[in-house]
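As structure tokens, the structure follows; a few thoughts come after it.
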Amino acid sequence: MAYSFPEEVLEHVFSFLSSDRDRNAVSLVCKSWYDIERWCRRRIFVGNCYAVSPEIVIRRFPELRAVEMKGKPHFADFNLVPEGWGAYAYPWIAAMEEAYPFLEEIKLKRMVVTDESLELISKSYKSFKVLVLTSCEGFTTDGLASIAANCRHLRELDLRESEVEDLSGHWLSHFPDSCTSLVSLNMSCLGSEVSFCALERLVARSPNLRTLRLNRAVPLERLANLIRRAPQLVELGTGAYSAEIRSDTFSNLADAFSACKQLKALSGFWDVVPSYLPAMYSVCSGITSLNLSYAAIPSSDLVKLISQCQNLQRLWVLDYIEDSGLDALAASCKDLQELRVFPSDPFGAEPNVSLTEQGLVSVSEGCPKLESVLYFCRQMSNAALIAIAKNRPNFIRFRLCIIDPQAPDYLTLEPLDAGFGAIVEKCKELRRLSMTGLLTDRVFKYIGSHAKKLEMLSIAFAGDSDLGLHHVLSGCDSLRKLEIRDCPFGDKALLANAAKLETMRSLWMSSCSVSFGACKLLAQKMPRLNVEVIDERGPPDSRPEGCSVERAYVYRTVASRQRLDMPDFVWTHDEDSSLRYS
Amino acid sequence: MSTEIRSILSEMEFSGCLKTDLTLGLPGGAPPKPGSKRGFSDMVDLKLGASCDHDEVSVSTPPPTKAQVVGWPPVRSYRKNMMKSCKYVKVAVDGAPYLRKVDLEMYSSYQQLLAALEDMFTCLTICNVMNERKIMDTANGIEYVPTYEDRDGDWMLVGDVPWNMFVETCKRVRLMKSSEAIGLSPKTASNGLSMNR
């Protein structure tokens, strides 16, 4: 020990390490580094709340200030995870209340958060600063009222896309006059009207406010006054962007916008009246992020707006933009990095807009920095995908959704294997891929051979046999998350690659061909994998063992595999070798 | 490795993968000899019929009709809810003594809307005249042109924009007498309503 640095020195050195990977690596060097590191770790990220237990976390990291956690698997977004499955925040909140009196930040994604949890948060931590709830549910505006009333030093309250039971807008009025610390407020997911006076006063007394995302109920006539009180805003989400056409409303709004010299991001835009869009033109040249994905604006108006935003880096838009609008985007926005095109009419049988694969090809040609795409369309061809791959080998995220599942190349009627094969072959840095369309095992062979940096893969209605799944599991060295629905993948590939599953965060398979017997086997063989069989048809052993389960969710865990909050439609391996069922 | 397994695996082109496979023995037992796949074939029911045949692209399930498929297309319910609205607009017919209201969200196409208006204003019929749809009062032969006021306050011909956009932007509907719609008759503007939208 005479040759080692004193603890304080090591601690100081470690304080420069912010990435979790680096800190994890450091803690593996030796016992004393492990110990020093764990005492000085302040931030933790738990990618799957069931991979570990609150007790284990608290025991290892006694001095945390910030906790970030994810709950339900991604496919829960599309109603594939039944209600009541789990991901409850309360046990964590309750455990942390005792352990971390100085906790400052809680960020949760896809978790069930109750008003009780929110109240507990608001009362337990004297220096609580940041609450971010992304795609969460289970709470009401009463819970928000507790947060507003009790968190004296609150900096961020961000309810991104959460489903909140909206009892009233009164919660906002609970922010005391003494609260002047707000930096970020995102209430865009709420329905009710808040008191506009209270909102204006809150904005006026928050000199550090950088992000303000209003909800639909804030009318356009009120926007100017709000912006005027916060000319330092960097991110603004409007409310409804519609009003009677009046020149005073317009000039008021235009003046207010022109005072916001720091504005970089715009969102909101529900119920847009296109005539009011020019009121924003003065800020467009500084805008780097534009979310118009709830705005029904004709392509021509979109183009007029977008061509003002030469520094645009991120655009989220509805397919009303059409191919012609994407051509214009490709011509004006050379700094574009991320594009998301959402469907305006996802359930319609026929196309309602003229948006095809051509739009994506244009953007991939014209925007040299484009690296992340989410694109909904109704037709695709191998030729287009090959062109896109050639134009844009720098993709790191490529998510394509062709509305008709199993749609072939519309020109040749062949599967889209070659197209997606080109994507994974050319885009060597690809980290995330979602595929749709008619796809055979061949595409998975390409993926297994080429997609070495791929971390997340989403597959639906694809493949012919277990070979497909086997290619992916055996070939994709960096795979962390795999989610599959409605594919003929089953037991063989799963069991042949059981060890691989422990190197990943999770595997989701629903409406595939995974049998209950295989799930039991997998759980028996791999004690650190939790194999959840999620089946609403009753106990799996009431059906033949070869019968496919509705859903299997497999994830690595160091916590008990018998989580205490399992509902009656979830079965996992019982430690004494027989499957538990209720 | 048994010849049976070997031939099955080679059929499926599993070449090169064997080193990554986990051999399945019971926990605590001696590690199986290299290459022994005993546990694999014994414990798992291998259904190797059609899946070995690579010449045909076998799509195992026919694509379900859209209405039946849960969670498809993959649009978050948050987004679906945000796009929803209840859209009641006034409908005026020139010469009628009172107006009606319809919820545009109830319909998914222009056809459906016009059919509903036909029901509501029983004197009206949608006629097929030379492949163009027109709205007529068959009693007195008056033709009507469907128009709507959009959010900008302009009066527009119904049928030009995609249905969904129409629903978003329409504030009220007016069935205007053709004789008043000078310069705006369907023939000159857009060859009748684009009924396939």
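Chain identifiers are assigned as A, B, and so on, following the order in which chains appear in the structure tokens; residues are numbered from 1 within each chain, and ligands are numbered from 1 in order of appearance.
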(request) Mind the document's chain letters and residue numbers, and return as a list in words the residues of range 161-320 of chain A that DSSP labels strand (DSSP E). (result) Glu163, Val164, Glu165, Ser184, Leu185, Asn186, Thr211, Leu212, Arg213, Glu235, Leu236, Gly237, Ala265, Leu266, Ser267, Ser289, Leu290, Asn291, Leu292, Arg314, Leu315, Trp316, Val317 and Leu318 of chain A
(request) Write out as a PyMOL selection string which residues come within 7 Å of range 126-140 of chain A when counting only C-alpha atoms, dropping same-chain ones fewer than 2 positions away. (result) chain A and resi 102-115+124+142-143+151+153-167
(message) Using only C-alpha atoms and a distance of at most 6 Å, pull out the residues of chain A that contact chain B, as a list in words.
(response)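 Per the criterion, chain A yields Asp77, Phe78, Asn79, Val273, Ala296, Asn352, Ile403, Asp464, Ser465, Ala496 and Asn497 of chain A.
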The selected residues should be written to file as a compact mmCIF listing (two decimals), in the first residue's frame (atoms: C-alpha atoms).
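Below is the file that was written, out39.txt:
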# COMPACT_ATOMS: atom_id res chain seq x y z
CA ASP A 77 -45.15 2.26 -26.29
CA PHE A 78 -47.23 0.28 -28.78
CA ASN A 79 -49.50 -1.42 -26.23
CA VAL A 273 -53.06 28.66 -38.58
CA ALA A 296 -51.20 19.92 -39.85
CA ASN A 352 -53.44 10.50 -48.10
CA ILE A 403 -47.15 1.12 -42.94
CA ASP A 464 -38.53 -17.29 -42.17
CA SER A 465 -36.97 -19.39 -39.46
CA ALA A 496 -28.24 -21.92 -28.92
CA ASN A 497 -27.41 -18.34 -27.98
(message) With only C-alpha atoms as the counted atoms, please give the residues lying no more than 10 Å from Trp155 in chain B, apart from itself and same-chain residues fewer than 3 positions off, as JSON, numbers by chain.
(response) {"B": [147, 148, 149, 150, 151, 152, 158, 170, 171, 172, 173, 174]}
Can those selected residues be exported to a file as a short mmCIF file (atom, residue, chain, number, x, y, z; two decimals), in the first residue's frame so that it contains all heavy atoms?
data_model
loop_
_atom_site.label_atom_id
_atom_site.label_comp_id
_atom_site.auth_asym_id
_atom_site.auth_seq_id
_atom_site.Cartn_x
_atom_site.Cartn_y
_atom_site.Cartn_z
N THR B 147 -68.11 24.11 -50.04
CA THR B 147 -66.95 24.95 -49.73
C THR B 147 -66.75 24.96 -48.22
O THR B 147 -67.65 24.57 -47.47
CB THR B 147 -67.16 26.40 -50.19
OG1 THR B 147 -68.27 26.95 -49.47
CG2 THR B 147 -67.44 26.47 -51.68
N TYR B 148 -65.59 25.40 -47.80
CA TYR B 148 -65.36 25.50 -46.36
C TYR B 148 -64.47 26.69 -46.06
O TYR B 148 -63.70 27.14 -46.91
CB TYR B 148 -64.73 24.21 -45.81
CG TYR B 148 -63.29 23.96 -46.20
CD1 TYR B 148 -62.24 24.25 -45.32
CD2 TYR B 148 -62.97 23.44 -47.46
CE1 TYR B 148 -60.92 24.01 -45.68
CE2 TYR B 148 -61.66 23.21 -47.82
CZ TYR B 148 -60.64 23.48 -46.94
OH TYR B 148 -59.34 23.25 -47.30
N GLU B 149 -64.61 27.19 -44.83
CA GLU B 149 -63.74 28.28 -44.39
C GLU B 149 -62.59 27.66 -43.60
O GLU B 149 -62.81 26.87 -42.69
CB GLU B 149 -64.51 29.25 -43.49
CG GLU B 149 -63.67 30.47 -43.11
CD GLU B 149 -64.37 31.38 -42.10
OE1 GLU B 149 -65.45 31.03 -41.58
OE2 GLU B 149 -63.81 32.46 -41.82
N ASP B 150 -61.37 28.00 -43.97
CA ASP B 150 -60.24 27.42 -43.25
C ASP B 150 -59.75 28.36 -42.15
O ASP B 150 -60.32 29.44 -41.94
CB ASP B 150 -59.10 27.04 -44.21
CG ASP B 150 -58.35 28.25 -44.75
OD1 ASP B 150 -58.72 29.40 -44.39
OD2 ASP B 150 -57.40 28.06 -45.52
N ARG B 151 -58.72 27.94 -41.47
CA ARG B 151 -58.25 28.71 -40.32
C ARG B 151 -57.76 30.11 -40.68
O ARG B 151 -57.73 30.99 -39.84
CB ARG B 151 -57.11 27.95 -39.62
CG ARG B 151 -57.62 26.82 -38.79
CD ARG B 151 -56.70 26.64 -37.60
NE ARG B 151 -56.98 25.36 -36.98
CZ ARG B 151 -56.33 24.24 -37.28
NH1 ARG B 151 -55.31 24.26 -38.11
NH2 ARG B 151 -56.68 23.11 -36.71
N ASP B 152 -57.36 30.27 -41.92
CA ASP B 152 -56.90 31.59 -42.35
C ASP B 152 -58.07 32.50 -42.68
O ASP B 152 -57.86 33.67 -43.03
CB ASP B 152 -56.01 31.47 -43.60
CG ASP B 152 -54.60 31.02 -43.24
OD1 ASP B 152 -54.24 31.14 -42.05
OD2 ASP B 152 -53.88 30.57 -44.14
N VAL B 158 -64.05 22.33 -51.22
CA VAL B 158 -63.83 21.08 -50.48
C VAL B 158 -63.23 20.04 -51.43
O VAL B 158 -63.71 19.87 -52.54
CB VAL B 158 -65.19 20.56 -49.92
CG1 VAL B 158 -65.06 19.13 -49.45
CG2 VAL B 158 -65.66 21.45 -48.79
N CYS B 170 -60.54 22.90 -41.19
CA CYS B 170 -61.88 23.38 -41.54
C CYS B 170 -62.56 24.01 -40.33
O CYS B 170 -62.61 23.44 -39.25
CB CYS B 170 -62.72 22.20 -42.03
SG CYS B 170 -64.46 22.60 -42.23
N LYS B 171 -63.10 25.20 -40.50
CA LYS B 171 -63.83 25.86 -39.42
C LYS B 171 -65.34 25.77 -39.61
O LYS B 171 -66.10 25.68 -38.67
CB LYS B 171 -63.41 27.33 -39.31
CG LYS B 171 -62.18 27.50 -38.46
CD LYS B 171 -61.64 28.91 -38.46
CE LYS B 171 -62.69 29.95 -38.12
NZ LYS B 171 -62.12 31.31 -38.16
N ARG B 172 -65.76 25.88 -40.82
CA ARG B 172 -67.18 25.68 -41.11
C ARG B 172 -67.36 25.35 -42.57
O ARG B 172 -66.51 25.62 -43.40
CB ARG B 172 -68.02 26.91 -40.74
CG ARG B 172 -67.73 28.18 -41.47
CD ARG B 172 -68.77 29.22 -41.08
NE ARG B 172 -68.56 29.63 -39.70
CZ ARG B 172 -67.87 30.71 -39.34
NH1 ARG B 172 -67.33 31.48 -40.24
NH2 ARG B 172 -67.75 31.00 -38.05
N VAL B 173 -68.50 24.74 -42.85
CA VAL B 173 -68.80 24.27 -44.21
C VAL B 173 -69.98 25.04 -44.77
O VAL B 173 -70.94 25.33 -44.04
CB VAL B 173 -69.14 22.76 -44.19
CG1 VAL B 173 -69.58 22.28 -45.56
CG2 VAL B 173 -67.93 21.95 -43.72
N ARG B 174 -69.92 25.36 -46.04
CA ARG B 174 -71.06 26.02 -46.67
C ARG B 174 -71.29 25.38 -48.03
O ARG B 174 -70.37 25.28 -48.84
CB ARG B 174 -70.78 27.51 -46.83
CG ARG B 174 -71.89 28.24 -47.58
CD ARG B 174 -71.56 29.72 -47.73
NE ARG B 174 -72.40 30.32 -48.78
CZ ARG B 174 -72.10 31.43 -49.43
NH1 ARG B 174 -70.97 32.06 -49.16
NH2 ARG B 174 -72.91 31.90 -50.37
#
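Going from CA of Ser146 in chain A over to CA of Asn208 in chain A, you cover 22.0 Å.
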(request) Check the smallest atom-to-atom distance from each of B:Asn140, B:Ile135, B:Tyr98, B:Val93 to Leu114 in chain B using only C-alpha atoms, then report the winner. (result)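 Selected residue with least distance to Leu114 in chain B: B:Ile135.
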(request) Rank A:Leu326, A:Val317, A:Leu202, A:Ile93 by their smallest atom-to-atom distance to Val303 in chain A, using only C-alpha atoms, and report the top residue only. (result)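 For Val303 in chain A, the nearest of the given residues is A:Leu326.
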(message) Show me, as JSON, numbers by chain, the residues that have an atom within 10 Å of range 429-431 of chain A when counting only C-alpha atoms, minus same-chain residues fewer than 5 positions from it.
(response) {"A": [371, 372, 393, 394, 395, 396, 397, 398, 423, 424, 450, 451, 452, 453, 454, 455, 456, 457, 478, 479, 480]}
